[in-house]
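Enquirer: What follows is query01.csv, made up of CSV, C-alpha atoms and all ligand atoms:
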```csv
chain,number,residue,atom,x,y,z
A,1,MET,CA,76.0,-37.6,-168.5
A,2,PRO,CA,72.9,-36.7,-170.6
A,3,GLY,CA,72.6,-33.1,-171.8
A,4,PHE,CA,70.4,-30.5,-170.1
A,5,SER,CA,67.3,-30.9,-172.2
A,6,THR,CA,67.5,-34.7,-172.2
A,7,LYS,CA,67.5,-34.6,-168.4
A,8,ALA,CA,64.7,-32.0,-168.4
A,9,ILE,CA,62.5,-34.2,-170.6
A,10,HIS,CA,63.4,-37.6,-169.0
A,11,ALA,CA,64.8,-37.4,-165.4
A,12,GLY,CA,62.2,-38.8,-163.0
A,13,GLN,CA,59.7,-39.2,-165.9
A,14,ALA,CA,59.9,-42.8,-167.1
A,15,PRO,CA,56.5,-43.9,-168.7
A,16,GLU,CA,54.0,-44.7,-166.1
A,17,GLN,CA,53.9,-48.4,-165.2
A,18,ILE,CA,50.1,-49.3,-165.5
A,19,THR,CA,49.2,-47.5,-168.7
A,20,GLY,CA,52.5,-46.5,-170.3
A,21,ALA,CA,51.4,-42.8,-170.2
A,22,VAL,CA,54.5,-40.8,-171.3
A,23,THR,CA,53.7,-37.8,-169.1
A,24,VAL,CA,53.7,-38.3,-165.4
A,25,PRO,CA,50.1,-38.5,-164.1
A,26,ILE,CA,48.7,-36.1,-161.5
A,27,PHE,CA,48.3,-38.3,-158.5
A,28,GLN,CA,45.7,-36.3,-156.6
A,29,SER,CA,45.1,-38.9,-153.8
A,30,SER,CA,45.8,-37.7,-150.3
A,31,THR,CA,46.3,-41.2,-148.9
A,32,TYR,CA,47.2,-44.7,-150.0
A,33,ALA,CA,46.0,-48.2,-149.2
A,34,GLN,CA,48.3,-50.1,-146.8
A,35,HIS,CA,48.6,-53.9,-147.0
A,36,ASN,CA,49.1,-55.0,-143.4
A,37,LEU,CA,49.2,-53.2,-140.0
A,38,GLY,CA,52.7,-52.2,-139.0
A,39,GLU,CA,54.1,-53.0,-142.5
A,40,HIS,CA,55.8,-49.9,-144.0
A,41,VAL,CA,54.9,-48.8,-147.5
A,42,LYS,CA,56.8,-46.2,-149.5
A,43,TYR,CA,53.7,-44.1,-150.3
A,44,ASP,CA,51.7,-43.5,-147.1
A,45,TYR,CA,50.4,-39.9,-146.9
A,46,GLY,CA,50.3,-37.1,-149.5
A,47,ARG,CA,52.1,-34.4,-147.5
A,48,THR,CA,55.0,-36.8,-146.9
A,49,ILE,CA,55.3,-38.2,-150.4
A,50,ASN,CA,53.4,-37.9,-153.6
A,51,PRO,CA,54.5,-39.6,-156.9
A,52,THR,CA,54.0,-36.4,-159.1
A,53,ARG,CA,55.9,-34.3,-156.6
A,54,GLU,CA,58.6,-37.0,-156.4
A,55,ALA,CA,59.0,-36.9,-160.2
A,56,TRP,CA,59.4,-33.1,-160.1
A,57,GLU,CA,61.9,-33.4,-157.2
A,58,THR,CA,63.9,-36.0,-159.2
A,59,SER,CA,63.8,-33.7,-162.2
A,60,ILE,CA,65.0,-30.5,-160.5
A,61,ALA,CA,67.8,-32.4,-158.6
A,62,ALA,CA,69.1,-33.7,-162.0
A,63,LEU,CA,68.9,-30.2,-163.6
A,64,GLU,CA,70.9,-28.7,-160.7
A,65,ASN,CA,73.4,-31.5,-160.8
A,66,GLY,CA,72.4,-32.5,-157.2
A,67,LYS,CA,71.4,-35.6,-155.4
A,68,HIS,CA,68.3,-34.6,-153.5
A,69,GLY,CA,65.5,-32.3,-154.6
A,70,PHE,CA,62.6,-30.9,-152.6
A,71,ALA,CA,59.5,-29.1,-154.0
A,72,PHE,CA,57.6,-26.4,-152.0
A,73,SER,CA,54.5,-24.3,-152.4
A,74,SER,CA,56.5,-21.1,-152.9
A,75,GLY,CA,60.0,-19.7,-153.2
A,76,MET,CA,59.6,-18.3,-149.7
A,77,SER,CA,58.8,-21.7,-148.2
A,78,ALA,CA,61.8,-23.1,-150.0
A,79,ILE,CA,64.0,-20.4,-148.4
A,80,ALA,CA,62.4,-21.1,-145.0
A,81,ALA,CA,63.2,-24.8,-145.3
A,82,ALA,CA,66.8,-24.2,-146.5
A,83,THR,CA,67.4,-22.0,-143.5
A,84,SER,CA,65.4,-24.0,-140.9
A,85,MET,CA,68.6,-25.5,-139.3
A,86,LEU,CA,69.3,-22.0,-137.8
A,87,ARG,CA,68.9,-21.7,-134.0
A,88,PRO,CA,68.8,-18.7,-131.6
A,89,GLY,CA,72.3,-17.3,-131.3
A,90,ASP,CA,73.4,-18.5,-134.7
A,91,HIS,CA,74.8,-15.9,-137.1
A,92,VAL,CA,74.3,-15.6,-140.9
A,93,VAL,CA,76.4,-13.7,-143.4
A,94,ALA,CA,73.9,-12.7,-146.1
A,95,GLY,CA,74.2,-10.6,-149.3
A,96,ASP,CA,73.1,-6.9,-148.8
A,97,ASP,CA,71.2,-6.9,-152.1
A,98,MET,CA,68.5,-9.5,-152.4
A,99,TYR,CA,64.8,-10.1,-153.0
A,100,GLY,CA,62.9,-7.9,-150.6
A,101,GLY,CA,60.8,-10.8,-149.3
A,102,THR,CA,63.9,-12.7,-148.3
A,103,TYR,CA,65.3,-9.6,-146.5
A,104,ARG,CA,61.9,-9.4,-144.7
A,105,TYR,CA,62.0,-13.1,-143.7
A,106,PHE,CA,65.5,-12.7,-142.4
A,107,SER,CA,65.1,-9.4,-140.6
A,108,LYS,CA,61.5,-9.7,-139.4
A,109,VAL,CA,61.1,-13.4,-138.8
A,110,LEU,CA,64.4,-15.2,-138.2
A,111,ALA,CA,65.9,-12.2,-136.4
A,112,GLU,CA,62.9,-12.2,-134.0
A,113,PHE,CA,63.7,-15.8,-133.2
A,114,GLY,CA,67.2,-14.7,-132.2
A,115,VAL,CA,69.2,-15.4,-135.4
A,116,GLU,CA,71.8,-12.7,-136.0
A,117,PHE,CA,72.5,-11.3,-139.5
A,118,SER,CA,75.4,-9.4,-141.2
A,119,PHE,CA,74.3,-8.1,-144.6
A,120,VAL,CA,77.5,-7.5,-146.6
A,121,ASP,CA,78.4,-6.4,-150.1
A,122,MET,CA,79.4,-9.8,-151.6
A,123,ARG,CA,80.9,-8.4,-154.9
A,124,GLN,CA,84.3,-8.9,-153.2
A,125,ILE,CA,85.0,-12.0,-151.2
A,126,GLY,CA,87.1,-10.1,-148.6
A,127,PRO,CA,84.1,-8.7,-146.7
A,128,VAL,CA,82.4,-12.1,-146.7
A,129,ALA,CA,85.4,-13.8,-145.0
A,130,THR,CA,85.8,-10.9,-142.6
A,131,ALA,CA,82.1,-11.1,-141.5
A,132,ILE,CA,82.5,-14.7,-140.3
A,133,LYS,CA,82.3,-15.0,-136.6
A,134,LYS,CA,82.5,-17.9,-134.1
A,135,ASN,CA,78.7,-18.4,-134.2
A,136,THR,CA,78.3,-18.1,-138.0
A,137,ARG,CA,76.4,-21.1,-139.4
A,138,LEU,CA,75.5,-20.0,-142.9
A,139,ILE,CA,76.4,-17.9,-145.9
A,140,TYR,CA,73.4,-16.9,-148.0
A,141,CYS,CA,73.4,-15.0,-151.3
A,142,GLU,CA,71.8,-14.4,-154.7
A,143,THR,CA,73.7,-14.0,-157.9
A,144,PRO,CA,73.0,-12.0,-159.9
A,145,THR,CA,71.4,-9.9,-157.2
A,146,ASN,CA,67.9,-8.6,-157.3
A,147,PRO,CA,67.6,-5.8,-158.6
A,148,MET,CA,71.1,-4.5,-159.1
A,149,MET,CA,72.5,-7.4,-161.1
A,150,ASN,CA,75.7,-7.6,-159.1
A,151,LEU,CA,77.5,-10.9,-159.1
A,152,VAL,CA,78.9,-13.1,-156.4
A,153,ASP,CA,81.9,-15.4,-157.0
A,154,LEU,CA,80.4,-18.8,-156.3
A,155,ALA,CA,83.6,-20.7,-156.1
A,156,ALA,CA,85.1,-18.1,-153.7
A,157,VAL,CA,82.0,-18.3,-151.4
A,158,ALA,CA,82.1,-22.1,-151.4
A,159,GLU,CA,85.8,-22.0,-150.4
A,160,VAL,CA,85.2,-19.5,-147.5
A,161,ALA,CA,82.2,-21.6,-146.3
A,162,LYS,CA,84.2,-24.9,-146.5
A,163,LYS,CA,87.2,-23.4,-144.7
A,164,ALA,CA,84.9,-22.2,-141.9
A,165,GLY,CA,83.0,-25.5,-141.8
A,166,ILE,CA,79.6,-23.8,-142.4
A,167,MET,CA,76.8,-24.1,-144.9
A,168,SER,CA,76.5,-22.1,-148.1
A,169,VAL,CA,73.1,-21.4,-149.7
A,170,VAL,CA,72.5,-19.7,-153.1
A,171,ASP,CA,69.2,-18.4,-154.5
A,172,ASN,CA,69.6,-19.2,-158.3
A,173,THR,CA,66.2,-17.9,-159.3
A,174,PHE,CA,67.5,-15.2,-161.7
A,175,MET,CA,69.6,-17.7,-163.7
A,176,SER,CA,67.7,-21.0,-163.7
A,177,PRO,CA,69.6,-24.2,-163.7
A,178,TYR,CA,70.2,-23.9,-167.4
A,179,LEU,CA,72.4,-20.9,-167.1
A,180,GLN,CA,74.2,-21.5,-163.8
A,181,ASN,CA,74.7,-24.5,-161.4
A,182,PRO,CA,76.0,-23.3,-158.0
A,183,LEU,CA,76.5,-26.9,-156.7
A,184,ASP,CA,79.2,-27.3,-159.5
A,185,PHE,CA,81.2,-24.5,-157.8
A,186,GLY,CA,81.1,-26.2,-154.4
A,187,ILE,CA,78.0,-24.5,-152.9
A,188,ASP,CA,76.1,-26.8,-150.5
A,189,VAL,CA,72.5,-25.9,-151.2
A,190,VAL,CA,70.8,-24.2,-154.2
A,191,LEU,CA,67.2,-22.9,-154.2
A,192,HIS,CA,64.8,-21.2,-156.6
A,193,SER,CA,61.5,-19.4,-156.6
A,194,ALA,CA,60.2,-21.8,-159.2
A,195,THR,CA,57.5,-19.2,-159.8
A,196,LYS,CA,59.9,-17.5,-162.1
A,197,TYR,CA,62.0,-19.2,-165.0
A,198,LEU,CA,61.3,-22.8,-163.9
A,199,GLY,CA,57.5,-22.3,-164.1
A,200,GLY,CA,58.2,-19.8,-166.9
A,201,HIS,CA,54.5,-19.0,-167.8
A,202,SER,CA,53.4,-16.8,-164.9
A,203,ASP,CA,50.8,-19.3,-163.9
A,204,VAL,CA,52.1,-21.1,-160.8
A,205,ILE,CA,53.8,-20.3,-157.5
A,206,GLY,CA,56.4,-22.7,-156.3
A,207,GLY,CA,59.9,-23.2,-154.8
A,208,VAL,CA,62.6,-25.9,-154.9
A,209,VAL,CA,65.7,-26.8,-152.9
A,210,VAL,CA,68.5,-29.0,-154.1
A,211,THR,CA,71.6,-30.4,-152.3
A,212,SER,CA,74.0,-33.2,-152.7
A,213,ASN,CA,74.8,-33.2,-148.9
A,214,ASP,CA,72.9,-36.2,-147.3
A,215,ALA,CA,72.8,-34.6,-143.8
A,216,TYR,CA,71.3,-31.3,-145.1
A,217,ALA,CA,68.9,-33.3,-147.3
A,218,GLU,CA,67.6,-35.3,-144.3
A,219,LYS,CA,66.9,-32.1,-142.4
A,220,ILE,CA,65.3,-30.3,-145.3
A,221,LYS,CA,63.1,-33.4,-145.9
A,222,PHE,CA,62.1,-33.4,-142.2
A,223,TYR,CA,61.1,-29.7,-142.3
A,224,GLN,CA,59.3,-30.1,-145.6
A,225,ASN,CA,57.1,-32.7,-144.0
A,226,ALA,CA,56.9,-31.0,-140.6
A,227,TYR,CA,55.9,-27.5,-141.9
A,228,GLY,CA,53.9,-29.0,-144.8
A,229,ALA,CA,54.4,-26.2,-147.3
A,230,ILE,CA,54.6,-28.8,-150.2
A,231,ALA,CA,54.2,-28.3,-153.9
A,232,SER,CA,50.7,-29.7,-154.9
A,233,PRO,CA,50.5,-32.6,-157.4
A,234,PHE,CA,49.0,-30.2,-160.1
A,235,ASP,CA,51.7,-27.6,-159.5
A,236,SER,CA,54.4,-30.3,-159.7
A,237,TRP,CA,53.0,-31.5,-163.0
A,238,LEU,CA,53.0,-27.9,-164.3
A,239,MET,CA,56.6,-27.6,-163.4
A,240,LEU,CA,57.5,-30.9,-165.1
A,241,ARG,CA,55.8,-29.6,-168.2
A,242,SER,CA,57.5,-26.2,-168.0
A,243,VAL,CA,61.1,-27.4,-167.5
A,244,LYS,CA,61.0,-29.4,-170.7
A,245,THR,CA,61.4,-26.1,-172.6
A,246,LEU,CA,63.6,-24.4,-170.1
A,247,ALA,CA,66.7,-24.5,-172.3
A,248,LEU,CA,64.8,-23.1,-175.3
A,249,ARG,CA,63.2,-20.4,-173.2
A,250,MET,CA,66.5,-19.3,-171.5
A,251,ARG,CA,68.3,-19.0,-174.8
A,252,ALA,CA,65.5,-16.8,-176.1
A,253,HIS,CA,65.3,-14.7,-172.9
A,254,SER,CA,69.1,-14.2,-173.0
A,255,ASN,CA,69.2,-13.3,-176.8
A,256,ASN,CA,66.4,-10.8,-176.4
A,257,ALA,CA,67.9,-9.3,-173.2
A,258,GLN,CA,71.4,-8.9,-174.7
A,259,ILE,CA,70.0,-6.9,-177.7
A,260,ILE,CA,67.8,-4.7,-175.5
A,261,ALA,CA,70.6,-4.1,-173.0
A,262,GLU,CA,72.9,-3.0,-175.8
A,263,ARG,CA,70.3,-0.7,-177.2
A,264,LEU,CA,69.7,0.9,-173.8
A,265,HIS,CA,73.4,1.2,-173.1
A,266,ALA,CA,73.9,3.1,-176.3
A,267,ASP,CA,71.3,5.7,-175.3
A,268,ALA,CA,72.4,8.8,-173.5
A,269,ARG,CA,68.9,9.2,-171.9
A,270,ILE,CA,69.6,6.2,-169.6
A,271,ALA,CA,72.0,6.9,-166.9
A,272,LYS,CA,73.0,3.3,-166.1
A,273,VAL,CA,72.3,-0.2,-167.5
A,274,HIS,CA,72.9,-3.1,-165.2
A,275,TYR,CA,73.3,-6.3,-167.3
A,276,PRO,CA,76.1,-8.9,-166.8
A,277,GLY,CA,76.2,-9.5,-170.6
A,278,LEU,CA,77.5,-6.0,-171.3
A,279,PRO,CA,81.3,-5.9,-171.4
A,280,THR,CA,81.0,-2.6,-169.3
A,281,HIS,CA,79.4,-4.6,-166.4
A,282,PRO,CA,82.1,-4.4,-163.7
A,283,GLN,CA,81.9,-8.2,-163.2
A,284,HIS,CA,81.6,-9.2,-166.8
A,285,GLU,CA,84.7,-11.5,-166.5
A,286,LEU,CA,83.1,-13.4,-163.6
A,287,ALA,CA,79.8,-13.7,-165.6
A,288,LEU,CA,81.7,-15.4,-168.4
A,289,ARG,CA,83.3,-17.7,-165.9
A,290,GLN,CA,80.2,-18.9,-164.0
A,291,MET,CA,77.2,-18.3,-166.2
A,292,LYS,CA,76.4,-20.0,-169.5
A,293,ASP,CA,74.6,-16.9,-170.8
A,294,PHE,CA,73.4,-13.7,-169.1
A,295,GLY,CA,69.7,-14.3,-168.7
A,296,GLY,CA,66.6,-12.1,-169.2
A,297,MET,CA,66.9,-9.6,-166.3
A,298,ILE,CA,68.0,-6.0,-166.9
A,299,SER,CA,67.9,-3.0,-164.5
A,300,ILE,CA,68.1,0.6,-165.8
A,301,ASP,CA,68.4,3.9,-164.0
A,302,THR,CA,66.0,6.3,-165.8
A,303,GLY,CA,67.2,9.2,-163.5
A,304,SER,CA,64.0,10.0,-161.5
A,305,LEU,CA,60.6,8.8,-160.4
A,306,GLU,CA,58.9,11.0,-163.0
A,307,LYS,CA,61.1,9.5,-165.8
A,308,ALA,CA,60.5,5.9,-164.5
A,309,LYS,CA,56.7,6.6,-164.5
A,310,ALA,CA,56.9,8.0,-168.1
A,311,PHE,CA,59.0,5.1,-169.3
A,312,THR,CA,56.8,2.3,-167.9
A,313,LYS,CA,53.6,4.0,-169.0
A,314,ALA,CA,54.7,4.2,-172.6
A,315,LEU,CA,55.4,0.5,-172.9
A,316,HIS,CA,52.8,-1.7,-174.7
A,317,HIS,CA,54.4,-5.1,-174.6
A,318,PHE,CA,56.1,-4.9,-171.2
A,319,THR,CA,53.4,-5.3,-168.6
A,320,LEU,CA,53.8,-3.4,-165.4
A,321,GLY,CA,53.9,-6.1,-162.7
A,322,GLU,CA,55.8,-7.9,-160.0
A,323,SER,CA,57.6,-11.2,-160.6
A,324,LEU,CA,59.8,-12.2,-163.5
A,325,GLY,CA,60.9,-15.1,-165.6
A,326,GLY,CA,57.7,-15.7,-167.6
A,327,VAL,CA,57.5,-15.8,-171.4
A,328,GLU,CA,55.9,-12.4,-171.4
A,329,SER,CA,57.9,-9.3,-170.8
A,330,LEU,CA,57.3,-7.5,-167.5
A,331,VAL,CA,58.5,-4.2,-166.1
A,332,CYS,CA,58.7,-3.3,-162.5
A,333,HIS,CA,59.7,-0.4,-160.2
A,334,PRO,CA,61.6,-2.0,-157.3
A,335,VAL,CA,61.2,0.9,-154.9
A,336,SER,CA,57.4,0.9,-155.0
A,337,MET,CA,56.9,-2.8,-155.9
A,338,THR,CA,59.3,-5.5,-154.8
A,339,HIS,CA,61.8,-3.8,-152.5
A,340,GLY,CA,59.4,-1.8,-150.2
A,341,SER,CA,60.6,-3.8,-147.2
A,342,VAL,CA,64.3,-2.7,-147.7
A,343,PRO,CA,64.9,0.4,-145.6
A,344,PRO,CA,65.4,3.6,-147.6
A,345,GLU,CA,69.0,4.2,-146.4
A,346,GLN,CA,69.9,0.6,-147.5
A,347,ARG,CA,68.2,1.1,-150.9
A,348,GLN,CA,70.1,4.4,-151.4
A,349,LYS,CA,73.4,2.7,-150.5
A,350,LEU,CA,72.7,-0.1,-153.0
A,351,GLY,CA,71.7,2.2,-155.9
A,352,ILE,CA,68.0,1.2,-155.8
A,353,THR,CA,67.0,4.7,-156.7
A,354,ASP,CA,63.5,6.1,-157.4
A,355,GLY,CA,64.4,6.0,-161.1
A,356,LEU,CA,65.4,2.4,-161.1
A,357,VAL,CA,63.3,0.2,-163.4
A,358,ARG,CA,63.7,-3.6,-163.7
A,359,LEU,CA,62.9,-5.4,-167.0
A,360,SER,CA,62.1,-9.1,-167.2
A,361,VAL,CA,62.6,-9.6,-170.9
A,362,GLY,CA,60.3,-12.2,-172.4
A,363,ILE,CA,60.5,-14.3,-175.5
A,364,GLU,CA,58.3,-12.1,-177.8
A,365,ASP,CA,59.8,-11.0,-181.1
A,366,VAL,CA,62.7,-8.8,-180.3
A,367,GLU,CA,61.8,-6.2,-183.0
A,368,ASP,CA,58.5,-5.6,-181.1
A,369,LEU,CA,60.2,-5.3,-177.8
A,370,LEU,CA,62.8,-2.8,-179.3
A,371,GLU,CA,59.9,-0.7,-180.7
A,372,ASP,CA,58.5,-0.7,-177.1
A,373,ILE,CA,61.8,0.4,-175.7
A,374,GLU,CA,61.9,3.3,-178.2
A,375,ARG,CA,58.5,4.4,-177.0
A,376,GLY,CA,59.7,4.3,-173.4
A,377,LEU,CA,62.9,6.3,-174.3
A,378,ASP,CA,60.9,8.9,-176.2
A,379,ALA,CA,58.6,9.3,-173.2
A,380,ILE,CA,61.6,10.1,-171.0
B,1,LIG,C1,65.2,-14.0,-156.2
B,1,LIG,C2,63.9,-14.4,-155.6
B,1,LIG,N1,63.9,-15.3,-154.6
B,1,LIG,C3,62.8,-15.7,-154.0
B,1,LIG,C4,61.6,-15.1,-154.3
B,1,LIG,C5,60.4,-15.6,-153.5
B,1,LIG,O1,59.6,-16.5,-154.3
B,1,LIG,P1,58.1,-16.8,-154.2
B,1,LIG,O2,57.4,-15.5,-154.7
B,1,LIG,O3,57.8,-17.9,-155.2
B,1,LIG,O4,57.7,-17.1,-152.9
B,1,LIG,C6,61.5,-14.2,-155.3
B,1,LIG,C7,60.2,-13.6,-155.6
B,1,LIG,O5,60.1,-12.7,-156.4
B,1,LIG,C8,62.7,-13.8,-156.0
B,1,LIG,O6,62.6,-12.9,-156.9
```
Once more with this new file: its structure as structure tokens, please.
Expert:
Amino acid sequence: MPGFSTKAIHAGQAPEQITGAVTVPIFQSSTYAQHNLGEHVKYDYGRTINPTREAWETSIAALENGKHGFAFSSGMSAIAAATSMLRPGDHVVAGDDMYGGTYRYFSKVLAEFGVEFSFVDMRQIGPVATAIKKNTRLIYCETPTNPMMNLVDLAAVAEVAKKAGIMSVVDNTFMSPYLQNPLDFGIDVVLHSATKYLGGHSDVIGGVVVTSNDAYAEKIKFYQNAYGAIASPFDSWLMLRSVKTLALRMRAHSNNAQIIAERLHADARIAKVHYPGLPTHPQHELALRQMKDFGGMISIDTGSLEKAKAFTKALHHFTLGESLGGVESLVCHPVSMTHGSVPPEQRQKLGITDGLVRLSVGIEDVEDLLEDIERGLDAI
């Protein structure tokens, strides 16, 4: 099988047939000429199928080692499609630490339609297996979790799901397909907010779903067309352009983050550093087993809201902002920015304190980022 970057540069992207263009053209047309009435053509209508989106879907399926890829207009629409098989009365076992918007979709949208949820700490597989009921249809998680950087054992989750005859879905956004491939561990469906590392330049919103299961793929394709939240031709083209450098970017993100995490860990002014690449991370062994490297995301506990404010204010290269995974470093305050929809008691339980700060380490020169971190620490 070709290597990761070979797939990123070539899968779904053979030179275009008419002109030989080596990059996939942006097919902006909404409809296609049909030859004869009643005669089916592959390309009929742009919501259903588009050649640029098709190339992006082929590419992401190859990168996640899956058979079928689907591209959406956002990570949230990818999540909606991957969970669209749920019906009133169905039960889902979901991680208790996840992106706030996913929690909001589950608790405020799907729950209103009669889907039942158990949010469990998935760091151990025991509670996951115990939470399964007669009506459980799906296990859903992120790993590493957002923002606490806890890990979930993918092989163990896949085994529990298979034993129960239910579907497993993993949000792989924090890792990107370069660092972790959940399908390789037996997970049924993997998805991403492509807005993050896949896009990588903070200039496009998108989502993807990949599976090797033909039956799930058929349903996801049906919902993609029925709901219509598709990736546009231009956004698909941007994604194809971005993933060509995904391996290079992920190596740079991981190298910079490891150096910064070690610096923060060595400093007594920071109460806690959550980064799976640190040998002190309680699940470092699991990280070594299922991740190729440890990625660009670090969470730190500064101790209080005042200290979090002082730290973030002092930074020059880390921009205060939501989102993650772009080439530029970002800093975010989960309580006030990304996790407002998680109830305060739940945040408390998870360790999402007022002093928690999340860093998305970019690929700038690490010396400059370290200087910035010193400024932040001095301000504390
Ligand atoms: C882990 C994770 N999953 C899903 C999403 C939702 O993606 P989008 O904002 O592209 O809809 C986000 C957004 O921040 C995220 O961080």
Enquirer: If you measure from CA of Ala310 in chain A to CA of His201 in chain A, what distance in Å do you get, rounded to one decimal?
Expert: 27.1 Å
Enquirer: Quick one: pull the distance between CA of Pro344 in chain A and CA of Arg87 in chain A, Å, one decimal.
Expert: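 Rounded to one decimal, the two atoms are 28.9 Å apart.
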Enquirer: For CA of Met297 in chain A and CA of His10 in chain A, quote the distance in Å rounded to one decimal.
Expert: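 Rounded to one decimal, the two atoms are 28.3 Å apart.
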Enquirer: Which is closer to ligand LIG 1 (chain B) than all the others in A:Pro15, A:Gly295, A:Gly75, A:Pro51, using only C-alpha atoms and all ligand atoms?
Expert: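 Closest candidate: A:Gly75.
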Enquirer: May I ask you to write as a ChimeraX atom specification all residues lying at most 6 Å from ligand LIG 1 (chain B), with only C-alpha atoms and all ligand atoms counted?
Expert: /A:74-76,99,173,193,195,205-207,323
